[in-house]
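Taking it in order: structure first as structure tokens, then the write-up.
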Amino acid sequence: MKRRQYNTVYNKLFDAYGQQHWWPGDSPFEIMVGAVLTQNTAWSNVEKAIHNLVTRNKLDPHAIIRARLDHLANWLRPSGYFNIKAERLKNFCRWYVDAGEYAELDKLETPALRDALLEVKGVGPETADDILLYAFNRPVFVIDAYTRRLFARLGLVNGKQDYEQMRATFERLLKPDVDMFNEYHALIVRHAKNVCRTRPTCETCVLAAGCPAAGIE
DNA sequence: ACCCAGGGTCATA
DNA sequence: TATGACCATGGG
């Protein structure tokens with residue numbers, strides 16, 4: 001049964017790396033901003049951009065809406081793709097404020113909230129799910145490139161499933177536990193930083209001497 | 001000098 | 001639906 005293997009991977013990762021304390025950020029809104037800025041970008045660069053916003057008192061949806069696009073882009077510069085991300089962040093903030101911000105959005109059921117997020121230009125499936133899980137505490141499993149690679153290498157997914165299919169698989173096999181989903185995704189990212197990206201066997205063998213992913217049956 | 005990072009959009013076939 | 005081009009900084 002795959003259900004057991006999916007849980008085993010989690011337990012081994014947790015034993016190896018421990019609590020990851022995700023998502024870094026002091027407020028739900030900061031988490032949402034981080035989710036947009038971290039698209040295909042190292043987190044260390046995102047931190048610099050968020051810091052730029054904080055020091056200017058711009059870590060606020062209304063302030064971002066008011067800001068000039070070129071100013072916003074300059075503050076976001078360290079996170080890369082800064083012109084695109086400035087637009088995406090503005091799009092997101094306009095939607096967020098129009099929708100009544102956190103309190104109103106939190107009244108929506110998860111599927112409706114997810115659909116609403118996906119309507120924002122610049123918010124795709126992974127960003128939406130980051131926000132759902134880490135800002136709204138909804139039991140949504142975030143799929144990323146690391147998740148694909150790890151589970152493909154473990155032979156636990158058939159590599160050509162799209163995002164939605166893979167998310168459905170995880171959410172079907174695992175108990176919908178927000179804290180566990182939170183930790184699971186964070187652990188996969190943590191583990192990814194520990195392994196070679198190019199050798200398919202690395203992920204499951206290098207850690208054999210301490211590899212949490214080894215011995216999954 | 002190259003590779004890639006906690007993706008998404010858009011144009012093309 | 002399925003690839004490919006494009007976006008761009010910073011650390012290894």
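Residue numbers start at 1 in each chain; chains themselves are named A, B, ... in the order of the structure tokens; ligands are numbered from 1 in the order shown.
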Chain A residues within 8 Å of chain C, counting only C-alpha atoms (C1' of nucleotides): which ones, as a compact mmCIF listing (two decimals) with C-alpha atoms, in the first residue's frame?
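The new file out14.txt reads:
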# COMPACT_ATOMS: atom_id res chain seq x y z
CA ASN A 45 17.24 36.61 -2.18
CA ARG A 77 15.37 43.81 -7.24
CA PRO A 78 17.34 41.32 -5.09
CA SER A 79 14.65 38.67 -5.59
CA GLY A 80 15.15 38.60 -9.36
CA TYR A 81 12.51 38.95 -12.09
CA PHE A 82 11.81 42.23 -10.35
CA ILE A 84 7.45 40.90 -13.39
Please identify all polymer residues within 8 Å of stretch 157-169 of chain A, counting only C-alpha atoms (C1' of nucleotides), omitting same-chain residues fewer than 3 positions from it, and present them as a PDB file with N, CA and C atoms, in the first residue's frame.
ATOM      1  N   PRO A 125      -0.456  27.468  -9.514  1.00  0.00           N
ATOM      2  CA  PRO A 125      -0.852  26.420  -8.565  1.00  0.00           C
ATOM      3  C   PRO A 125       0.029  26.338  -7.322  1.00  0.00           C
ATOM      4  N   PHE A 141      -1.751  20.124  -0.020  1.00  0.00           N
ATOM      5  CA  PHE A 141      -0.368  19.667  -0.147  1.00  0.00           C
ATOM      6  C   PHE A 141       0.317  20.395  -1.289  1.00  0.00           C
ATOM      7  N   VAL A 142       1.427  21.036  -0.998  1.00  0.00           N
ATOM      8  CA  VAL A 142       2.169  21.803  -1.999  1.00  0.00           C
ATOM      9  C   VAL A 142       3.097  20.868  -2.778  1.00  0.00           C
ATOM     10  N   ILE A 143       2.941  20.882  -4.086  1.00  0.00           N
ATOM     11  CA  ILE A 143       3.815  20.093  -4.943  1.00  0.00           C
ATOM     12  C   ILE A 143       4.838  21.026  -5.587  1.00  0.00           C
ATOM     13  N   ARG A 148       8.401  16.284  -6.839  1.00  0.00           N
ATOM     14  CA  ARG A 148       8.370  15.453  -8.041  1.00  0.00           C
ATOM     15  C   ARG A 148       9.611  14.595  -8.137  1.00  0.00           C
ATOM     16  N   PHE A 151       9.981  11.859  -5.240  1.00  0.00           N
ATOM     17  CA  PHE A 151       9.035  10.741  -5.316  1.00  0.00           C
ATOM     18  C   PHE A 151       9.184   9.953  -6.609  1.00  0.00           C
ATOM     19  N   ALA A 152       9.667  10.608  -7.654  1.00  0.00           N
ATOM     20  CA  ALA A 152       9.957   9.883  -8.890  1.00  0.00           C
ATOM     21  C   ALA A 152      11.148   8.955  -8.651  1.00  0.00           C
ATOM     22  N   LEU A 154      12.102   7.721  -5.900  1.00  0.00           N
ATOM     23  CA  LEU A 154      11.717   6.650  -4.982  1.00  0.00           C
ATOM     24  C   LEU A 154      10.759   5.674  -5.653  1.00  0.00           C
ATOM     25  N   ARG A 172      -4.961  12.299  -1.194  1.00  0.00           N
ATOM     26  CA  ARG A 172      -5.755  11.084  -1.036  1.00  0.00           C
ATOM     27  C   ARG A 172      -5.061  10.111  -0.088  1.00  0.00           C
ATOM     28  N   LEU A 173      -3.741  10.058  -0.182  1.00  0.00           N
ATOM     29  CA  LEU A 173      -3.000   9.053   0.597  1.00  0.00           C
ATOM     30  C   LEU A 173      -2.680   9.504   2.017  1.00  0.00           C
TER      31      LEU A 173
END
#### Entry: Residues of chain A within 8 Å of chain B, counting only C-alpha atoms (C1' of nucleotides), as a ChimeraX atom specification
/A:38-43,122-124,126-127,144,189
### Query
What gap, in Å, lies between atom CA of A:Asp177 and atom CA of A:Val140?
8.9 Å
### Task
May I have the residues within 10 Å of A:Arg94 as an MDAnalysis selection string, using only C-alpha atoms (C1' of nucleotides) and disregarding those fewer than 5 positions away in the same chain?
chainID A and resid 61:62 64:66 88:89 99 101 120
### Query
Among stretch 4-206 of chain A, which residues carry a DSSP assignment of helix (DSSP H, G or I), reported as an NGL selection string?
:A and (4-17 or 28-37 or 43-55 or 61-66 or 69-79 or 82-98 or 101-105 or 110-118 or 125-135 or 145-153 or 163-173 or 178-192 or 202-206)
